[in-house]
Structures are given as structure tokens and as C-alpha cells.
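Source file final-v5.csv; content: CSV, C-alpha atoms and all ligand atoms.
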```
chain,number,residue,atom,x,y,z
A,1,MET,CA,-12.3,-16.8,18.4
A,2,LYS,CA,-11.8,-16.8,22.2
A,3,LYS,CA,-11.3,-20.6,22.2
A,4,LEU,CA,-8.8,-20.3,19.4
A,5,ALA,CA,-6.8,-17.7,21.2
A,6,ILE,CA,-6.8,-19.8,24.4
A,7,LEU,CA,-5.7,-22.9,22.4
A,8,CYS,CA,-2.9,-20.9,20.7
A,9,ALA,CA,-1.8,-19.5,24.0
A,10,LEU,CA,-1.7,-23.0,25.4
A,11,ALA,CA,0.2,-24.3,22.5
A,12,LEU,CA,2.7,-21.5,22.8
A,13,SER,CA,3.2,-21.9,26.5
A,14,LEU,CA,3.7,-25.7,26.1
A,15,SER,CA,6.3,-25.1,23.3
A,16,GLY,CA,7.7,-22.2,25.2
A,17,CYS,CA,10.7,-24.2,26.4
A,18,SER,CA,12.0,-24.4,22.8
A,19,ALA,CA,11.5,-20.6,22.1
A,20,ALA,CA,14.3,-18.1,22.8
A,21,PRO,CA,14.3,-18.0,26.6
A,22,SER,CA,14.7,-14.2,26.9
A,23,LYS,CA,11.6,-13.5,24.7
A,24,LYS,CA,8.2,-12.9,26.0
A,25,THR,CA,5.3,-14.7,24.3
A,26,TYR,CA,2.6,-12.3,23.2
A,27,SER,CA,-0.2,-12.1,20.7
A,28,ILE,CA,-0.5,-9.6,17.8
A,29,GLY,CA,-3.9,-8.5,16.7
A,30,VAL,CA,-4.0,-7.2,13.1
A,31,ALA,CA,-7.0,-5.4,11.6
A,32,VAL,CA,-7.0,-4.7,7.8
A,33,TYR,CA,-9.4,-2.5,5.8
A,34,ASP,CA,-9.8,-5.2,3.0
A,35,GLY,CA,-8.3,-8.6,3.1
A,36,SER,CA,-8.5,-9.0,-0.6
A,37,ASP,CA,-6.2,-6.1,-1.3
A,38,THR,CA,-3.1,-7.6,-3.0
A,39,PHE,CA,-0.5,-5.3,-1.4
A,40,ILE,CA,-2.0,-5.5,2.1
A,41,SER,CA,-2.1,-9.3,1.9
A,42,SER,CA,1.6,-9.3,1.0
A,43,ILE,CA,2.3,-7.3,4.2
A,44,CYS,CA,0.2,-9.6,6.3
A,45,ASP,CA,1.7,-12.8,4.9
A,46,THR,CA,5.2,-11.6,5.6
A,47,LEU,CA,4.3,-10.3,9.1
A,48,SER,CA,2.7,-13.6,10.0
A,49,SER,CA,5.6,-15.7,8.8
A,50,GLU,CA,8.2,-13.5,10.6
A,51,ALA,CA,6.2,-13.8,13.8
A,52,GLU,CA,5.6,-17.5,13.4
A,53,LYS,CA,9.4,-18.1,13.3
A,54,ASP,CA,9.5,-16.8,16.9
A,55,GLY,CA,6.3,-18.7,17.9
A,56,ILE,CA,4.3,-15.4,18.2
A,57,HIS,CA,0.6,-15.7,17.5
A,58,VAL,CA,-1.0,-13.4,14.9
A,59,SER,CA,-4.8,-12.9,14.5
A,60,ILE,CA,-5.9,-11.1,11.4
A,61,THR,CA,-9.4,-9.6,10.9
A,62,ASP,CA,-10.8,-8.2,7.6
A,63,ALA,CA,-13.1,-5.2,7.8
A,64,GLY,CA,-14.5,-5.5,4.3
A,65,ARG,CA,-14.0,-1.7,3.9
A,66,SER,CA,-16.3,-0.8,6.8
A,67,GLN,CA,-14.8,1.3,9.6
A,68,LEU,CA,-17.7,0.2,11.9
A,69,ASN,CA,-16.8,-3.5,11.3
A,70,GLU,CA,-13.2,-2.7,12.0
A,71,ASN,CA,-14.0,-1.0,15.3
A,72,ASP,CA,-16.0,-4.1,16.4
A,73,GLN,CA,-13.2,-6.4,15.2
A,74,VAL,CA,-10.6,-4.4,17.2
A,75,ASN,CA,-12.7,-4.8,20.3
A,76,ASP,CA,-12.9,-8.6,19.6
A,77,LEU,CA,-9.1,-8.7,19.2
A,78,ILE,CA,-8.6,-6.9,22.5
A,79,ASP,CA,-11.2,-9.3,24.2
A,80,ASP,CA,-9.3,-12.2,22.8
A,81,GLY,CA,-6.1,-11.1,24.4
A,82,ALA,CA,-4.1,-9.1,21.8
A,83,ASP,CA,-1.1,-7.6,23.5
A,84,ILE,CA,-0.4,-5.2,20.6
A,85,LEU,CA,-2.5,-4.0,17.7
A,86,CYS,CA,-1.5,-3.4,14.1
A,87,ILE,CA,-4.1,-1.4,12.4
A,88,ASN,CA,-4.7,-0.8,8.7
A,89,LEU,CA,-7.5,1.7,9.1
A,90,VAL,CA,-10.5,1.8,6.7
A,91,ASP,CA,-11.0,5.5,7.2
A,92,ARG,CA,-7.7,7.1,8.2
A,93,SER,CA,-9.5,10.1,9.8
A,94,ALA,CA,-11.6,7.8,12.0
A,95,THR,CA,-9.1,6.7,14.6
A,96,SER,CA,-10.8,7.8,17.9
A,97,THR,CA,-12.7,4.6,18.7
A,98,ILE,CA,-9.7,2.4,18.2
A,99,ILE,CA,-7.3,4.7,20.0
A,100,ASN,CA,-9.7,5.1,23.0
A,101,ALA,CA,-10.1,1.3,23.3
A,102,ALA,CA,-6.3,0.7,23.1
A,103,MET,CA,-5.6,3.5,25.6
A,104,ASP,CA,-8.2,2.1,28.0
A,105,LYS,CA,-6.4,-1.3,28.1
A,106,ASN,CA,-2.9,0.2,27.7
A,107,ILE,CA,-2.3,-1.7,24.4
A,108,PRO,CA,0.2,-0.1,22.0
A,109,VAL,CA,-1.0,0.4,18.4
A,110,ILE,CA,1.1,0.3,15.2
A,111,PHE,CA,-1.0,1.9,12.4
A,112,PHE,CA,0.2,0.8,9.0
A,113,ASN,CA,-0.2,1.8,5.3
A,114,ARG,CA,-3.2,4.2,5.9
A,115,GLU,CA,-1.6,7.1,7.7
A,116,PRO,CA,-3.6,8.8,10.5
A,117,VAL,CA,-3.3,12.5,10.7
A,118,GLN,CA,-0.5,13.8,12.9
A,119,SER,CA,-2.8,15.2,15.6
A,120,ASP,CA,-4.3,11.7,16.1
A,121,LEU,CA,-0.9,10.0,16.1
A,122,THR,CA,0.4,12.3,18.9
A,123,ARG,CA,-2.6,11.7,21.2
A,124,TRP,CA,-0.7,9.0,23.1
A,125,GLU,CA,3.0,7.9,23.4
A,126,LYS,CA,2.2,4.3,22.4
A,127,LEU,CA,0.9,5.1,18.9
A,128,TYR,CA,3.2,4.4,15.9
A,129,TYR,CA,3.0,4.4,12.1
A,130,VAL,CA,4.7,2.2,9.5
A,131,GLY,CA,4.2,3.1,5.8
A,132,ALA,CA,6.0,4.7,2.8
A,133,ASP,CA,6.4,8.2,1.6
A,134,ALA,CA,3.5,8.9,-0.9
A,135,GLU,CA,5.3,11.8,-2.4
A,136,GLU,CA,8.3,9.7,-3.3
A,137,SER,CA,6.1,7.1,-5.2
A,138,GLY,CA,4.4,9.9,-7.2
A,139,ARG,CA,7.8,11.5,-8.0
A,140,LEU,CA,9.3,8.2,-9.2
A,141,GLN,CA,6.2,7.3,-11.3
A,142,GLY,CA,6.5,10.8,-12.8
A,143,GLN,CA,10.2,10.3,-13.6
A,144,ILE,CA,9.5,6.9,-15.2
A,145,ALA,CA,6.8,8.5,-17.4
A,146,ALA,CA,9.0,11.5,-18.3
A,147,ASN,CA,11.9,9.3,-19.2
A,148,TRP,CA,9.7,7.1,-21.4
A,149,LEU,CA,8.2,10.1,-23.2
A,150,ALA,CA,11.6,11.6,-23.8
A,151,THR,CA,12.9,8.4,-25.4
A,152,HIS,CA,9.7,7.3,-27.2
A,153,PRO,CA,8.5,10.3,-29.3
A,154,GLU,CA,6.0,8.0,-30.9
A,155,ALA,CA,4.1,8.0,-27.6
A,156,ASP,CA,2.7,11.4,-28.7
A,157,ARG,CA,0.5,9.5,-31.1
A,158,ASN,CA,-1.2,12.6,-32.7
A,159,GLN,CA,2.2,14.4,-32.7
A,160,ASP,CA,0.6,17.6,-31.3
A,161,GLY,CA,3.5,18.1,-28.9
A,162,ILE,CA,1.2,17.6,-25.9
A,163,ILE,CA,0.6,14.5,-23.8
A,164,GLN,CA,-3.0,13.8,-23.1
A,165,TYR,CA,-3.1,12.0,-19.8
A,166,TYR,CA,-5.7,10.2,-17.7
A,167,ILE,CA,-5.4,9.1,-14.0
A,168,LEU,CA,-6.9,5.9,-12.5
A,169,GLU,CA,-7.0,6.8,-8.8
A,170,GLY,CA,-7.2,4.8,-5.5
A,171,GLU,CA,-9.8,5.6,-2.8
A,172,PRO,CA,-10.6,9.3,-2.3
A,173,GLY,CA,-9.1,10.6,1.0
A,174,HIS,CA,-6.2,8.1,1.0
A,175,GLN,CA,-2.8,9.9,1.3
A,176,ASP,CA,-1.4,7.7,-1.5
A,177,THR,CA,-4.2,8.7,-3.9
A,178,ILE,CA,-4.0,12.4,-3.4
A,179,ILE,CA,-0.2,12.8,-3.2
A,180,ARG,CA,0.7,10.2,-5.9
A,181,SER,CA,-1.6,11.8,-8.5
A,182,GLU,CA,-0.4,15.4,-7.7
A,183,THR,CA,3.3,14.6,-7.6
A,184,ALA,CA,3.4,12.4,-10.7
A,185,VAL,CA,1.9,15.2,-12.7
A,186,SER,CA,4.0,17.9,-11.2
A,187,THR,CA,7.2,15.8,-11.8
A,188,LEU,CA,6.2,15.5,-15.5
A,189,ASP,CA,5.5,19.2,-15.7
A,190,GLU,CA,8.9,20.0,-14.1
A,191,ALA,CA,10.6,17.7,-16.7
A,192,GLY,CA,9.2,20.0,-19.4
A,193,ILE,CA,6.5,17.7,-20.8
A,194,SER,CA,3.5,19.6,-22.1
A,195,LEU,CA,0.4,18.0,-20.6
A,196,GLU,CA,-3.3,18.1,-21.0
A,197,LYS,CA,-5.6,16.3,-18.6
A,198,ALA,CA,-8.0,14.0,-20.4
A,199,GLY,CA,-9.7,13.1,-17.1
A,200,TYR,CA,-9.5,10.9,-14.0
A,201,ALA,CA,-11.6,8.1,-12.4
A,202,ILE,CA,-11.7,6.8,-8.9
A,203,CYS,CA,-11.2,3.0,-9.0
A,204,ASP,CA,-10.6,2.3,-5.3
A,205,TRP,CA,-7.3,0.4,-5.9
A,206,GLN,CA,-9.3,-2.3,-7.6
A,207,ARG,CA,-8.6,-4.1,-10.8
A,208,ASP,CA,-12.2,-4.8,-11.7
A,209,GLU,CA,-13.2,-1.1,-11.3
A,210,ALA,CA,-10.2,-0.1,-13.5
A,211,TYR,CA,-11.2,-2.7,-16.1
A,212,ASP,CA,-14.7,-1.4,-16.3
A,213,LYS,CA,-13.7,2.3,-16.4
A,214,THR,CA,-11.0,1.7,-19.0
A,215,SER,CA,-13.4,-0.4,-21.2
A,216,GLN,CA,-15.8,2.5,-21.0
A,217,LEU,CA,-13.1,5.0,-22.0
A,218,ILE,CA,-12.2,2.8,-25.0
A,219,LYS,CA,-15.9,2.6,-26.0
A,220,ASP,CA,-16.3,6.4,-25.7
A,221,GLY,CA,-13.2,6.9,-27.8
A,222,THR,CA,-11.5,9.1,-25.1
A,223,TYR,CA,-8.1,10.0,-26.5
A,224,ILE,CA,-5.3,9.1,-24.0
A,225,GLU,CA,-1.5,8.9,-24.6
A,226,LEU,CA,-0.5,8.4,-21.0
A,227,LEU,CA,-2.4,6.4,-18.3
A,228,LEU,CA,-1.1,7.0,-14.7
A,229,CYS,CA,-2.4,4.4,-12.3
A,230,ASN,CA,-2.1,4.9,-8.5
A,231,ASN,CA,-1.4,1.2,-8.2
A,232,ASP,CA,-0.5,-2.0,-10.2
A,233,GLU,CA,-3.9,-3.7,-9.7
A,234,MET,CA,-5.6,-0.8,-11.5
A,235,ALA,CA,-2.8,-0.8,-14.2
A,236,ALA,CA,-3.5,-4.6,-14.7
A,237,GLY,CA,-7.2,-3.9,-15.0
A,238,ALA,CA,-6.5,-1.3,-17.7
A,239,VAL,CA,-4.1,-3.6,-19.6
A,240,GLN,CA,-6.8,-6.3,-19.6
A,241,ALA,CA,-9.3,-3.9,-21.0
A,242,TYR,CA,-7.0,-2.9,-23.9
A,243,ASP,CA,-6.2,-6.6,-24.5
A,244,ASP,CA,-9.8,-7.6,-24.5
A,245,ALA,CA,-10.7,-4.7,-26.9
A,246,GLY,CA,-8.0,-6.0,-29.3
A,247,ILE,CA,-6.2,-2.7,-29.3
A,248,SER,CA,-2.6,-3.0,-30.6
A,249,MET,CA,0.3,-1.7,-28.4
A,250,ASP,CA,1.0,1.2,-30.8
A,251,MET,CA,-2.5,2.5,-30.4
A,252,ARG,CA,-2.6,2.3,-26.6
A,253,PRO,CA,-1.5,4.9,-24.1
A,254,ALA,CA,1.8,4.3,-22.1
A,255,ILE,CA,0.6,2.8,-18.8
A,256,ALA,CA,2.5,3.2,-15.5
A,257,GLY,CA,1.7,1.6,-12.1
A,258,ILE,CA,2.9,1.6,-8.5
A,259,ASP,CA,3.5,-1.2,-6.0
A,260,GLY,CA,5.7,-3.7,-7.9
A,261,THR,CA,3.3,-6.6,-7.2
A,262,LYS,CA,4.2,-9.9,-8.9
A,263,GLU,CA,1.8,-9.1,-11.7
A,264,GLY,CA,3.1,-5.5,-12.0
A,265,ILE,CA,6.6,-6.7,-12.4
A,266,SER,CA,5.6,-9.2,-15.0
A,267,LEU,CA,3.7,-6.5,-16.9
A,268,VAL,CA,6.8,-4.4,-17.0
A,269,ASN,CA,8.8,-7.4,-18.1
A,270,SER,CA,6.4,-8.2,-21.0
A,271,GLY,CA,6.3,-4.5,-22.1
A,272,LYS,CA,2.6,-4.1,-21.3
A,273,ILE,CA,3.3,-1.3,-18.9
A,274,ILE,CA,6.3,1.2,-19.0
A,275,GLY,CA,7.2,0.8,-15.4
A,276,THR,CA,6.1,0.6,-11.8
A,277,VAL,CA,7.4,1.8,-8.4
A,278,TYR,CA,8.3,-0.9,-5.9
A,279,ASN,CA,6.4,-0.4,-2.6
A,280,ASN,CA,8.6,-2.5,-0.3
A,281,TYR,CA,6.0,-4.7,1.5
A,282,LYS,CA,8.8,-6.9,3.0
A,283,ASP,CA,10.5,-3.9,4.6
A,284,GLN,CA,7.2,-2.6,6.0
A,285,ALA,CA,6.1,-5.9,7.4
A,286,GLU,CA,9.5,-6.5,8.9
A,287,LYS,CA,9.5,-3.1,10.5
A,288,ILE,CA,6.0,-3.7,12.0
A,289,TYR,CA,7.3,-6.9,13.5
A,290,GLN,CA,10.6,-5.5,14.8
A,291,LEU,CA,8.7,-2.6,16.4
A,292,ALA,CA,6.1,-4.9,17.9
A,293,ASP,CA,8.9,-7.2,19.2
A,294,ALA,CA,10.8,-4.2,20.7
A,295,LEU,CA,7.7,-2.8,22.4
A,296,MET,CA,6.7,-6.2,23.8
A,297,ASN,CA,10.2,-7.0,25.1
A,298,ASN,CA,10.9,-3.5,26.4
A,299,LYS,CA,13.8,-3.1,24.0
A,300,SER,CA,15.2,0.2,22.8
A,301,LEU,CA,13.7,1.6,19.6
A,302,GLN,CA,16.9,3.4,18.8
A,303,ASP,CA,18.0,1.2,15.8
A,304,LEU,CA,14.6,1.2,14.1
A,305,ASN,CA,15.1,4.5,12.3
A,306,LEU,CA,11.8,6.0,13.4
A,307,GLN,CA,11.0,9.6,12.5
A,308,ASP,CA,10.2,11.6,15.7
A,309,GLY,CA,10.4,8.3,17.5
A,310,HIS,CA,7.1,7.2,16.1
A,311,SER,CA,6.9,6.9,12.3
A,312,TYR,CA,8.7,4.8,9.7
A,313,TYR,CA,8.7,5.5,6.0
A,314,SER,CA,10.0,2.8,3.7
A,315,SER,CA,11.8,3.8,0.5
A,316,TYR,CA,10.4,3.2,-3.0
A,317,GLN,CA,12.3,2.1,-6.0
A,318,LYS,CA,11.7,2.5,-9.8
A,319,ILE,CA,11.1,-0.7,-11.8
A,320,THR,CA,11.6,-0.2,-15.5
A,321,PRO,CA,12.5,-2.4,-18.4
A,322,ASP,CA,16.2,-1.6,-17.6
A,323,ASN,CA,16.2,-3.2,-14.1
A,324,VAL,CA,13.1,-5.4,-14.1
A,325,SER,CA,15.2,-8.6,-14.3
A,326,SER,CA,16.5,-7.9,-10.8
A,327,PHE,CA,12.9,-7.9,-9.4
A,328,LEU,CA,11.7,-11.1,-11.2
A,329,GLY,CA,11.1,-13.8,-8.6
A,330,GLN,CA,10.5,-11.4,-5.7
B,401,LIG,C1,-1.3,1.6,-1.2
B,401,LIG,C2,-1.0,0.6,-2.2
B,401,LIG,C3,-2.4,0.2,-2.8
B,401,LIG,C4,-3.3,-0.3,-1.8
B,401,LIG,C5,-3.5,0.8,-0.7
B,401,LIG,C6,-4.4,0.3,0.4
B,401,LIG,O1,-0.1,2.0,-0.5
B,401,LIG,O2,-0.2,1.1,-3.2
B,401,LIG,O3,-2.2,-0.9,-3.8
B,401,LIG,O4,-2.9,-1.5,-1.2
B,401,LIG,O5,-2.2,1.1,-0.2
B,401,LIG,O6,-4.4,1.2,1.5
```
I'd like the structure from this file rewritten - as C-alpha cells, please.
Ligand code: GAL
Amino acid sequence: MKKLAILCALALSLSGCSAAPSKKTYSIGVAVYDGSDTFISSICDTLSSEAEKDGIHVSITDAGRSQLNENDQVNDLIDDGADILCINLVDRSATSTIINAAMDKNIPVIFFNREPVQSDLTRWEKLYYVGADAEESGRLQGQIAANWLATHPEADRNQDGIIQYYILEGEPGHQDTIIRSETAVSTLDEAGISLEKAGYAICDWQRDEAYDKTSQLIKDGTYIELLLCNNDEMAAGAVQAYDDAGISMDMRPAIAGIDGTKEGISLVNSGKIIGTVYNNYKDQAEKIYQLADALMNNKSLQDLNLQDGHSYYSSYQKITPDNVSSFLGQ
């Protein structure tokens, strides 16, 4: 790792003459909670390619969902010469080891996607957060479902005037899990839809867990008319379970996702899910890079639209059959 960092630094300093002369060469250390997470990989790929264009080196570590691993990996990134850290926490309440290590070496930290609590974020002036507003995503998912139910009376398959709904949730404790679930349901409620909760299952953002859980629900004969999924990966796992069980579209619940991954968009396009909510990974990755670049080059943060000078929340967008064509090819 160390050798690699030295080689990269050497390569950068040799090619330095072709880079923009006013820019400082620096190294970005990125630590992610799980490198196999589809949405997080999209952020990392965009961040790396943006940085590469400027000849900036990015090292990415994968904690495999262990905060202890991530703490060690952050120490390695610091030892290997990271000038700025971009941290996607495993446990968003366990920031102290990483913040202490960064403060000790005076290295700014941009947390992303997994939001630290406010009291941790205000511990030091060089701590930042880039993410998206969980409440907005839940509200938009709720609106998609409410609109679908209003225009598709057949979705109330037993015609009892009540929508039996089930939620496939992300990891417990994650801001997006708690807030998306609550807000999607309260939005449906406010739209005047009579609801009955058929249950919920924690599926950790993962397609396979959602597949297994949904297959079990099908086997058990759990009656569901609306399946709200905290992300598209889990929605895709649920769709797969219904497909594999040979259940026709008119006998399945309406399924909604969040993220607008390539697969999520294609499931909206094929009519397998009623909609998803675009979680703008490009905007978030670009903001992380612009912020890193500004901090490393002592530029003003004025134009970055940060809330309280430290946090950025990207906007979500609804994706439904009406506008999905404009998202194809994203
Ligand atoms: C959410 C995203 C999920 C998952 C999670 C990881 O914002 O919707 O798909 O990537 O972050 O923290």
C-alpha cells in the first residue's frame, strides 16, 4: 500500500508539469462501509474519475461492514499519506476513533451518505457531510405510491378499501432506513389512503436478503398489496422472488424503490415496479470532489451551497412510467 502511494505520488510529480499549474497535488483517502453496495460504488466511481481528470490520486478501502476494519483502514490511509479523508461510516454513531485520528494529523474529513449525528459533526471545523435528505426520498416514494393507488383501483386486490402494505428496510440505525419508512407511510396517510401494516423486514439494503425474505412471504401466503422498499436493490430482489414463484403481475403487490440505479430505472421502464426515487450519486460525488478540491487549494466554500457551512444535501427526483424515458441511459 505504502509503495503504491509513493509510486503514485512520484508519477504525479513527474507528470505535474502537464497539470494545471495553480493546483496542488494531493491524495484522497476514501473508506467505504461495503464496496459491493451498488449505490456507494457509483459514488466512488464518479469521484475517482473526476479526480483522475485532475491527476489527483484516490485510494479506496472497503470495510466489509465492520467499523473496526474501517478504523484500521483509515489509519492505513493516513499512514500512506492521505491529505483528505472521505468517509462512508459503517456505524454512523461511531465516529470518535476516525475524528480523533484526523484531528491529530490535521486532516479534513468529508463524511458521506451515512450521516454522523450533529454533535459529532460540530466537534471540529474541518468536518463536513455530503448526502441527501432522507425525508425527501420517503416523501417522494409515498407520493409515487399514493398516485399509483389513486389511478389503479385494481391495486386494492381484495377491494376492502384498505391497502395492506409491507416494508423491506435497509440497515437498522441508518438515517435513510428510519426516515424513509416513516415518511413514505405518513405521506400515503396524508393523501387519504387507508393503510394496514402487513409487516416489515430488515434486509440491509441487500438484494439477496430481500429475495429470501420475499420468497418466504410468498410461501407463507402473507397478503400484501403494496411493497415499499428502502432501496432499488431490495426492490429488485423482491421482483426476482415474484418472477421465480411464477406470480402474475395482477396478483403481485405494487412495488416501489429508491435510488434510481440502472436496474431500478429499467424495472420502472418494464413496469415491474411502479416507480423509484433518483438518489443523485453524480451530484453527491461531484460535491465531495469540489469540496475536497476547495479545501486542499484553500479556495472559498461560498459557491458550494453548504448548510451551516458544513453539510450538503442533494435533491431527489421521482422516476415513474411518465418520465422514465429521460432517465434511461443514465
Ligand atoms: C442509501 C442508499 C442505499 C445504500 C445506503 C448505504 O442512501 O439508498 O442503496 O447504498 O445508502 O448507506
Rank nothing, just name the residue among A:Glu169, A:Asp293, A:Asp259, A:Asp243 nearest to Ile218 of chain A, using all atoms listed in the file.
A:Asp243
Please return as number ranges by chain the residues found within 8 Å of ligand LIG 401 (chain B), counting all atoms listed in the file.
A: 33, 37-40, 88, 113-114, 131-132, 134, 170, 174, 176, 205, 230-233, 258-259, 279
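Of the listed residues (A:Gln175, A:Asn75, A:Thr61, A:Gln164), A:Gln164 comes nearest to Leu195 of chain A; the distances count all atoms listed in the file.
Using all atoms listed in the file, the smallest distance between any of A:Ile273, A:Ile78, A:Ile84, A:Val58 and Met296 of chain A comes from A:Ile84.
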Gap from atom CA of Ile99 of chain A to atom CA of Val74 of chain A - Å, one decimal:
10.1 Å
Within 12 Å of Thr261 of chain A, counting only C-alpha atoms, which residues show up once you throw out same-chain ones fewer than 6 positions away? Write them as a compact mmCIF listing (two decimals) with C-alpha atoms, in the coordinates of the input, please.
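Listing of out.txt after writing:
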```
# COMPACT_ATOMS: atom_id res chain seq x y z
CA ASP A 37 -6.20 -6.10 -1.30
CA THR A 38 -3.10 -7.60 -3.00
CA PHE A 39 -0.50 -5.30 -1.40
CA ILE A 40 -2.00 -5.50 2.10
CA SER A 41 -2.10 -9.30 1.90
CA SER A 42 1.60 -9.30 1.00
CA ILE A 43 2.30 -7.30 4.20
CA ASN A 231 -1.40 1.20 -8.20
CA ASP A 232 -0.50 -2.00 -10.20
CA GLU A 233 -3.90 -3.70 -9.70
CA MET A 234 -5.60 -0.80 -11.50
CA ALA A 235 -2.80 -0.80 -14.20
CA ALA A 236 -3.50 -4.60 -14.70
CA LEU A 267 3.70 -6.50 -16.90
CA VAL A 268 6.80 -4.40 -17.00
CA GLY A 275 7.20 0.80 -15.40
CA THR A 276 6.10 0.60 -11.80
CA VAL A 277 7.40 1.80 -8.40
CA TYR A 278 8.30 -0.90 -5.90
CA ASN A 279 6.40 -0.40 -2.60
CA ASN A 280 8.60 -2.50 -0.30
CA TYR A 281 6.00 -4.70 1.50
CA LYS A 282 8.80 -6.90 3.00
CA ILE A 319 11.10 -0.70 -11.80
CA PHE A 327 12.90 -7.90 -9.40
CA LEU A 328 11.70 -11.10 -11.20
CA GLY A 329 11.10 -13.80 -8.60
CA GLN A 330 10.50 -11.40 -5.70
```
Skip Ala63 of chain A itself and residues of its chain fewer than 5 positions away, then list as number ranges by chain all residues within 10 Å of it, counting only C-alpha atoms.
A: 31-35, 68-74, 88-90
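Contact shell of segment 115-129 of chain A at 6 Å (all atoms listed in the file; same-chain neighbours under 5 positions omitted): Arg92, Pro108, Val109, Ile110, His310 and Ser311 of chain A.
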Could you please take those selected residues and save C-alpha atoms as a compact mmCIF listing (two decimals), keeping the file's coordinate frame?
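Generated file (selection.txt):
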```
# COMPACT_ATOMS: atom_id res chain seq x y z
CA ARG A 92 -7.70 7.10 8.20
CA PRO A 108 0.20 -0.10 22.00
CA VAL A 109 -1.00 0.40 18.40
CA ILE A 110 1.10 0.30 15.20
CA HIS A 310 7.10 7.20 16.10
CA SER A 311 6.90 6.90 12.30
```
Would you kindly return, as a VMD selection string, each protein, DNA or RNA residue with an atom no farther than 10 Å from any atom of Asp208 of chain A, considering only C-alpha atoms and excluding same-chain residues fewer than 4 positions away?
chain A and resid 203 to 204 212 to 214 233 to 234 236 to 238 240 to 241
Nearest candidate to Ala292 of chain A (options A:Leu304, A:Lys262, A:Leu168, A:Trp148; using all atoms listed in the file):
A:Leu304
Spatial neighbours of segment 157-163 of chain A, max dist 7 Å, all atoms listed in the file, sep filter under 6 positions, as a PyMOL selection string:
chain A and resi 194-196+225-226
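A straight line drawn from atom CA of Lys272 of chain A to atom CA of His152 of chain A is 14.7 Å long.
Computed from the coordinates, the atom CA of Ser48 of chain A to atom CA of Ala285 of chain A distance equals 8.8 Å.
Of the listed residues (A:Ile98, A:Ala198, A:Leu85, A:Ile179), A:Ile98 comes nearest to Gln67 of chain A; the distances count all atoms listed in the file.
Using only C-alpha atoms, the nearest neighbour of Tyr289 of chain A within the list A:Asn147, A:Val130, A:Ser36, A:Gly199 is A:Val130.
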Please write as a PyMOL selection string the list of polymer residues whose atoms come within 6 Å of (11.2, 1.7, -19.9), counting only C-alpha atoms and keeping to the coordinates of the file.
chain A and resi 148+274+320-321
Selection above as a file: C-alpha atoms, as a PDB file, keeping the file's coordinate frame:
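Saved to out08.pdb:
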```
ATOM      1  CA  TRP A 148       9.700   7.100 -21.400  1.00  0.00           C
ATOM      2  CA  ILE A 274       6.300   1.200 -19.000  1.00  0.00           C
ATOM      3  CA  THR A 320      11.600  -0.200 -15.500  1.00  0.00           C
ATOM      4  CA  PRO A 321      12.500  -2.400 -18.400  1.00  0.00           C
TER       5      PRO A 321
END
```
Within 6 Å of (0.0, -14.4, 22.3), in the coordinates the file gives, what residues turn up when you count all atoms listed in the file, written out as a PyMOL selection string?
chain A and resi 9+25-27+57
